[in-house]
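Engineer: Next comes data_21.tsv, TSV, C-alpha atoms and all ligand atoms:
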chain	number	residue	atom	x	y	z
A	1	MET	CA	118.72	83.88	119.99
A	2	LYS	CA	115.86	84.61	122.38
A	3	THR	CA	114.22	81.67	124.10
A	4	HIS	CA	110.43	81.40	124.24
A	5	ARG	CA	108.18	79.41	126.55
A	6	LYS	CA	105.59	77.17	124.94
A	7	ASN	CA	102.47	79.26	125.47
A	8	GLU	CA	104.12	82.65	125.65
A	9	LEU	CA	103.65	85.06	122.73
A	10	ALA	CA	106.90	86.00	121.04
A	11	ARG	CA	107.60	89.53	119.86
A	12	ILE	CA	109.45	89.53	116.55
A	13	GLU	CA	111.30	92.48	115.09
A	14	LEU	CA	112.58	92.26	111.55
A	15	VAL	CA	113.14	94.37	108.45
A	16	LEU	CA	110.46	93.66	105.85
A	17	ASN	CA	111.23	94.99	102.38
A	18	GLY	CA	113.57	97.58	103.86
A	19	VAL	CA	111.16	98.76	106.59
A	20	LYS	CA	111.46	97.89	110.29
A	21	ARG	CA	108.40	95.91	111.35
A	22	SER	CA	107.36	94.02	114.45
A	23	GLY	CA	104.58	91.74	115.57
A	24	THR	CA	103.68	89.01	118.02
A	25	CYS	CA	102.99	85.34	117.45
A	26	GLU	CA	103.16	81.95	119.08
A	27	PRO	CA	106.69	80.49	119.08
A	28	ARG	CA	105.50	77.70	116.75
A	29	THR	CA	104.21	80.15	114.07
A	30	LEU	CA	105.67	79.66	110.62
A	31	LEU	CA	107.35	82.63	108.98
A	32	SER	CA	104.89	82.36	106.06
A	33	ASP	CA	101.92	82.72	108.41
A	34	PHE	CA	103.58	85.54	110.34
A	35	LEU	CA	104.22	87.49	107.14
A	36	ARG	CA	100.70	86.98	105.86
A	37	HIS	CA	98.56	87.19	108.97
A	38	GLU	CA	100.56	89.40	111.34
A	39	LEU	CA	102.37	91.73	108.95
A	40	GLY	CA	99.83	91.71	106.10
A	41	ALA	CA	102.36	90.72	103.43
A	42	THR	CA	99.84	88.52	101.62
A	43	GLY	CA	101.84	88.43	98.38
A	44	THR	CA	103.63	85.42	99.85
A	45	HIS	CA	101.45	82.41	99.10
A	46	VAL	CA	101.27	79.08	100.85
A	47	GLY	CA	100.76	75.88	98.89
A	48	CYS	CA	102.10	72.67	100.40
A	49	GLU	CA	103.52	73.94	103.72
A	50	HIS	CA	106.10	71.16	103.40
A	51	GLY	CA	108.91	72.89	101.51
A	52	VAL	CA	108.02	71.18	98.25
A	53	CYS	CA	106.13	73.63	96.02
A	54	GLY	CA	108.12	76.84	96.44
A	55	ALA	CA	105.06	79.12	96.49
A	56	CYS	CA	106.10	80.61	99.84
A	57	THR	CA	109.64	81.57	98.75
A	58	VAL	CA	110.97	84.84	100.20
A	59	ARG	CA	114.49	86.16	100.62
A	60	ILE	CA	115.98	85.90	104.10
A	61	ASP	CA	119.05	88.12	104.38
A	62	GLY	CA	119.11	88.14	100.58
A	63	VAL	CA	118.88	84.38	100.05
A	64	ALA	CA	115.79	82.70	98.59
A	65	SER	CA	114.24	80.49	101.28
A	66	ARG	CA	111.01	78.61	101.92
A	67	SER	CA	109.11	80.67	104.48
A	68	CYS	CA	107.00	77.59	105.37
A	69	LEU	CA	110.16	75.85	106.60
A	70	SER	CA	111.19	78.66	108.94
A	71	LEU	CA	109.68	79.72	112.20
A	72	ALA	CA	108.87	83.39	112.59
A	73	VAL	CA	111.10	83.50	115.69
A	74	GLN	CA	114.06	82.52	113.49
A	75	ALA	CA	113.51	85.70	111.46
A	76	GLU	CA	114.17	87.91	114.49
A	77	GLY	CA	116.50	90.73	113.42
A	78	ARG	CA	116.78	89.46	109.84
A	79	ALA	CA	116.02	91.19	106.53
A	80	ILE	CA	113.03	89.58	104.81
A	81	ASP	CA	112.10	90.45	101.23
A	82	THR	CA	108.76	89.48	99.76
A	83	VAL	CA	107.25	90.10	96.34
A	84	GLU	CA	105.78	93.38	97.62
A	85	GLY	CA	109.32	94.78	97.83
A	86	LEU	CA	110.68	93.32	94.61
A	87	ASN	CA	110.50	96.62	92.77
A	88	ASN	CA	112.54	98.44	95.43
A	89	GLY	CA	115.07	100.52	93.57
A	90	ALA	CA	114.64	98.53	90.37
A	91	ALA	CA	111.56	100.05	88.76
A	92	LYS	CA	112.05	101.91	85.50
A	93	PRO	CA	110.23	105.21	84.87
A	94	GLY	CA	106.85	104.65	83.21
A	95	HIS	CA	106.71	100.96	84.10
A	96	ASP	CA	103.95	100.86	86.74
A	97	GLY	CA	106.58	100.62	89.47
A	98	LEU	CA	107.46	97.06	88.49
A	99	SER	CA	111.00	95.72	88.46
A	100	ASP	CA	112.58	94.69	85.16
A	101	LEU	CA	112.03	91.03	86.11
A	102	GLN	CA	108.34	91.60	86.77
A	103	GLU	CA	108.04	93.51	83.47
A	104	ALA	CA	109.62	90.58	81.64
A	105	PHE	CA	107.13	88.20	83.28
A	106	ARG	CA	104.28	90.41	82.13
A	107	ARG	CA	105.65	90.75	78.57
A	108	ASN	CA	106.11	87.01	78.21
A	109	HIS	CA	102.80	85.94	79.81
A	110	ALA	CA	104.86	84.18	82.47
A	111	LEU	CA	102.49	85.07	85.32
A	112	GLN	CA	100.28	82.01	84.74
A	113	CYS	CA	97.35	81.92	87.22
A	114	GLY	CA	99.41	83.91	89.68
A	115	PHE	CA	99.34	81.65	92.72
A	116	CYS	CA	102.96	80.50	92.50
A	117	THR	CA	104.20	83.62	90.71
A	118	ALA	CA	105.35	85.51	93.81
A	119	GLY	CA	107.55	82.64	95.01
A	120	ILE	CA	108.91	82.02	91.53
A	121	LEU	CA	109.76	85.71	91.16
A	122	MET	CA	111.66	85.66	94.46
A	123	SER	CA	113.69	82.63	93.41
A	124	CYS	CA	114.42	84.18	90.01
A	125	ALA	CA	115.43	87.49	91.59
A	126	ASP	CA	117.87	85.76	93.93
A	127	TYR	CA	119.19	83.53	91.17
A	128	LEU	CA	119.85	86.37	88.71
A	129	ALA	CA	121.69	88.30	91.42
A	130	ARG	CA	124.07	85.36	91.88
A	131	ARG	CA	124.10	84.09	88.29
A	132	PRO	CA	123.65	87.08	85.98
A	133	ASP	CA	124.23	85.17	82.72
A	134	PRO	CA	122.56	81.75	83.05
A	135	THR	CA	121.95	79.23	80.29
A	136	GLU	CA	118.45	77.98	79.58
A	137	HIS	CA	119.33	74.65	81.17
A	138	GLU	CA	120.47	76.39	84.35
A	139	VAL	CA	117.27	78.44	84.54
A	140	ARG	CA	115.20	75.27	84.12
A	141	GLU	CA	117.22	73.59	86.85
A	142	MET	CA	116.61	76.52	89.20
A	143	LEU	CA	112.87	76.48	88.36
A	144	SER	CA	112.69	72.78	89.16
A	145	GLY	CA	112.47	73.90	92.79
A	146	HIS	CA	108.93	75.13	92.04
A	147	LEU	CA	106.00	72.80	91.51
A	148	CYS	CA	103.09	74.58	89.89
A	149	ARG	CA	99.77	73.27	88.60
A	150	CYS	CA	99.80	75.73	85.70
A	151	THR	CA	102.93	73.89	84.50
A	152	GLY	CA	103.81	76.35	81.70
A	153	TYR	CA	107.41	77.01	82.69
A	154	THR	CA	108.54	77.93	79.15
A	155	ASN	CA	107.41	81.55	79.32
A	156	ILE	CA	109.01	81.91	82.75
A	157	VAL	CA	112.32	80.66	81.31
A	158	LYS	CA	111.99	83.20	78.49
A	159	ALA	CA	111.30	86.01	80.96
A	160	VAL	CA	114.33	85.16	83.11
A	161	LEU	CA	116.65	84.90	80.11
A	162	GLU	CA	115.27	88.12	78.67
A	163	THR	CA	115.89	89.93	81.97
A	164	ALA	CA	119.47	88.63	82.08
A	165	ALA	CA	120.03	89.68	78.45
A	166	GLU	CA	118.61	93.15	79.09
A	167	ARG	CA	120.77	93.66	82.18
A	168	LEU	CA	123.83	92.65	80.20
A	169	GLY	CA	122.88	95.04	77.40
A	170	ARG	CA	122.12	92.29	74.88
A	171	PRO	CA	119.35	93.22	72.46
A	172	ASN	CA	117.62	89.83	72.47
A	173	GLY	CA	118.53	86.79	74.58
A	174	ALA	CA	116.37	84.54	72.39
A	175	ALA	CA	118.54	85.19	69.35
A	176	LEU	CA	121.59	83.46	70.83
A	177	ALA	CA	122.88	80.09	69.73
A	178	PRO	CA	121.61	77.10	71.80
A	179	ASP	CA	124.82	76.55	73.75
A	180	GLU	CA	125.43	80.17	74.60
A	181	PRO	CA	124.50	81.55	78.01
A	182	GLY	CA	121.20	83.40	77.74
A	183	HIS	CA	119.80	81.27	74.91
A	184	ALA	CA	116.01	80.87	75.10
A	185	GLY	CA	115.37	78.41	72.30
A	186	VAL	CA	114.81	74.65	72.43
A	187	GLY	CA	116.62	73.24	75.44
A	188	PRO	CA	117.66	69.69	76.36
A	189	ALA	CA	114.27	68.93	77.92
A	190	GLU	CA	112.37	69.89	74.75
A	191	GLN	CA	114.95	68.24	72.48
A	192	ALA	CA	114.29	64.95	74.24
A	193	LEU	CA	110.62	65.25	73.23
A	194	LEU	CA	111.28	66.03	69.55
A	195	PRO	CA	111.00	63.20	67.00
A	196	SER	CA	114.44	62.09	65.81
A	197	ALA	CA	115.27	62.85	62.15
A	201	LIG	S1	104.22	76.37	100.83
A	201	LIG	FE1	106.32	76.44	101.27
A	201	LIG	S2	107.23	75.15	99.82
A	201	LIG	FE2	105.07	74.91	99.46
A	202	LIG	S1	100.96	79.76	88.85
A	202	LIG	FE1	101.22	77.86	89.87
A	202	LIG	S2	99.23	77.01	89.99
A	202	LIG	FE2	99.09	78.70	88.66
Would you mind writing the structure in this file as structure tokens?
Ligand code: FES
Ligand code: FES
Structural biologist:
Amino acid sequence: MKTHRKNELARIELVLNGVKRSGTCEPRTLLSDFLRHELGATGTHVGCEHGVCGACTVRIDGVASRSCLSLAVQAEGRAIDTVEGLNNGAAKPGHDGLSDLQEAFRRNHALQCGFCTAGILMSCADYLARRPDPTEHEVREMLSGHLCRCTGYTNIVKAVLETAAERLGRPNGAALAPDEPGHAGVGPAEQALLPSA
């Protein structure tokens, strides 16, 4: 790894959404700020800047990561994916260039106000790549890494399960029995809130 003096500008070269990009910044610059202010990838949002809310999530070499917890200099030579590149190679004809995951978010009104959506999408994209057939409980557990003031996680869960079901060729993930992978009905969290019979 290159070393940088305190007040010297660092030149960073990386691959952003499949395209070689470069820019300069102070060695202390966060990756989130570098992406937004130097490379213009403003789809990545910044909420807490403390690694808590998940709004700034991007993929670094394919793995979902908080860009507010990385320095831009640590991204030297790495592949960074942001929400702007989420549709790369995944868009279906006639679907506005969106990926299947983004389409499912739109169908299920899972966008919410939109501030946290980009980071949530990046986590979900990474998760579905590693866990193609998750249960509702697992999706909720994964989403617990995102703190969002809109709070309505239910439609996001539905969108993720629907995407998984579609990719696996299932007609409707919501129609599955509660314990089956891909089920989108009442999960353990909701069951705890229901009045007992
Ligand atoms: S802005 Fe990075 S986790 Fe909140
Ligand atoms: S989407 Fe998180 S605050 Fe609205």
Engineer: Check every protein, DNA and RNA residue against ligand LIG 202 (chain A), keep those with an atom at most 8 Å away (counting only C-alpha atoms and all ligand atoms), and present them as a PyMOL selection string.
Structural biologist: chain A and resi 55+111-117+147-151
Engineer: Report as AutoDock Vina command-line options the centre and the edge lengths, in Å to one decimal, of the axis-aligned box holding every listed atom of ligand LIG 201 (chain A), padded by 8 Å on each side.
Structural biologist:
--center_x 105.7 --center_y 75.7 --center_z 100.4 --size_x 19.0 --size_y 17.5 --size_z 17.8
Engineer: Which residues of chain A have any atom within 9 Å of an atom in ligand LIG 201 (chain A) when counting only C-alpha atoms and all ligand atoms, and what is the closest pair of atoms for each, with the distance in Å to one decimal? Order the rows by chain and rising number and write it as JSON lines.
Structural biologist:
{"residue": "A:Ser32", "atom": "CA", "partner": "A:LIG201", "partner_atom": "FE1", "distance": 7.7}
{"residue": "A:His45", "atom": "CA", "partner": "A:LIG201", "partner_atom": "S1", "distance": 6.9}
{"residue": "A:Val46", "atom": "CA", "partner": "A:LIG201", "partner_atom": "S1", "distance": 4.0}
{"residue": "A:Gly47", "atom": "CA", "partner": "A:LIG201", "partner_atom": "S1", "distance": 4.0}
{"residue": "A:Cys48", "atom": "CA", "partner": "A:LIG201", "partner_atom": "FE2", "distance": 3.8}
{"residue": "A:Glu49", "atom": "CA", "partner": "A:LIG201", "partner_atom": "S1", "distance": 3.8}
{"residue": "A:His50", "atom": "CA", "partner": "A:LIG201", "partner_atom": "S2", "distance": 5.5}
{"residue": "A:Gly51", "atom": "CA", "partner": "A:LIG201", "partner_atom": "S2", "distance": 3.3}
{"residue": "A:Val52", "atom": "CA", "partner": "A:LIG201", "partner_atom": "S2", "distance": 4.3}
{"residue": "A:Cys53", "atom": "CA", "partner": "A:LIG201", "partner_atom": "FE2", "distance": 3.8}
{"residue": "A:Gly54", "atom": "CA", "partner": "A:LIG201", "partner_atom": "S2", "distance": 3.9}
{"residue": "A:Ala55", "atom": "CA", "partner": "A:LIG201", "partner_atom": "FE2", "distance": 5.2}
{"residue": "A:Cys56", "atom": "CA", "partner": "A:LIG201", "partner_atom": "FE1", "distance": 4.4}
{"residue": "A:Thr57", "atom": "CA", "partner": "A:LIG201", "partner_atom": "FE1", "distance": 6.6}
{"residue": "A:Ser65", "atom": "CA", "partner": "A:LIG201", "partner_atom": "FE1", "distance": 8.9}
{"residue": "A:Arg66", "atom": "CA", "partner": "A:LIG201", "partner_atom": "FE1", "distance": 5.2}
{"residue": "A:Ser67", "atom": "CA", "partner": "A:LIG201", "partner_atom": "FE1", "distance": 6.0}
{"residue": "A:Cys68", "atom": "CA", "partner": "A:LIG201", "partner_atom": "FE1", "distance": 4.3}
{"residue": "A:Leu69", "atom": "CA", "partner": "A:LIG201", "partner_atom": "FE1", "distance": 6.6}
{"residue": "A:Gly119", "atom": "CA", "partner": "A:LIG201", "partner_atom": "FE1", "distance": 8.9}
{"residue": "A:Gly145", "atom": "CA", "partner": "A:LIG201", "partner_atom": "S2", "distance": 8.9}
{"residue": "A:His146", "atom": "CA", "partner": "A:LIG201", "partner_atom": "S2", "distance": 8.0}
{"residue": "A:Leu147", "atom": "CA", "partner": "A:LIG201", "partner_atom": "FE2", "distance": 8.3}
Engineer: Do a neighbour search on A:Thr24 at 12 Å with only C-alpha atoms, toss out local chain neighbours closer than 6 positions, and write the hits as a ChimeraX atom specification.
Structural biologist: /A:4,8-14,31,33-35,37-39,72-73,76
Engineer: Would you mind telling me which residue in A:Arg21, A:Arg170, A:Arg106, A:Lys6 lies nearest to A:Ile80 when using all atoms listed in the file?
Structural biologist: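 Ranked by minimum distance to A:Ile80, first place goes to A:Arg21.
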Engineer: Have a look at A:Asp61, A:Glu138, A:Glu84, A:Glu26 and name the one nearest to A:Gln102; count only C-alpha atoms.
Structural biologist: A:Glu84
Engineer: Closest to A:Ala125 among A:Ala79, A:Cys25, A:Val15, A:Leu161, using only C-alpha atoms?
Structural biologist: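 Counting only C-alpha atoms, the residue closest to A:Ala125 is A:Leu161.
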Engineer: What does the structure give for the distance between atom CA of A:Gly18 and atom CA of A:Arg140, in Å to one decimal?
Structural biologist: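 Between atom CA of A:Gly18 and atom CA of A:Arg140 the gap works out to 29.8 Å.
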Engineer: Tell me, in Å to one decimal, how far atom CA of A:Arg130 is from atom CA of A:Gly77.
Structural biologist: 23.5 Å
Engineer: Which of these residues is nearest to A:Arg107, using all atoms listed in the file: A:Asn87, A:Cys124, A:Val160, A:Ala165?
Structural biologist: A:Val160
Engineer: I want to know what sits within 7 Å of A:Asn17, based on only C-alpha atoms, with residues of the same chain fewer than 4 positions away left out; could you give that as a PyMOL selection string?
Structural biologist: chain A and resi 80-82+85
Engineer: Figure out the distance between atom CA of A:Leu121 and atom CA of A:Asp100, please, to one decimal in Å.
Structural biologist: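 Interatomic distance here is 11.2 Å.
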Engineer: Could you give me, as a list in words, the residues within 9 Å of A:Leu128, counting all atoms listed in the file and dropping anything in the same chain fewer than 4 positions from it?
Structural biologist: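 Counting all atoms listed in the file, the residues come to Ser123, Cys124, Pro132, Asp133, Pro134, Val160, Thr163 and Ala164 of chain A.
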Engineer: Ranking A:Arg28, A:Lys20, A:Arg131, A:Arg78 by minimum distance to A:Arg5 and counting only C-alpha atoms, which one comes first?
Structural biologist: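 Among A:Arg28, A:Lys20, A:Arg131, A:Arg78, it is A:Arg28 that comes nearest to A:Arg5.
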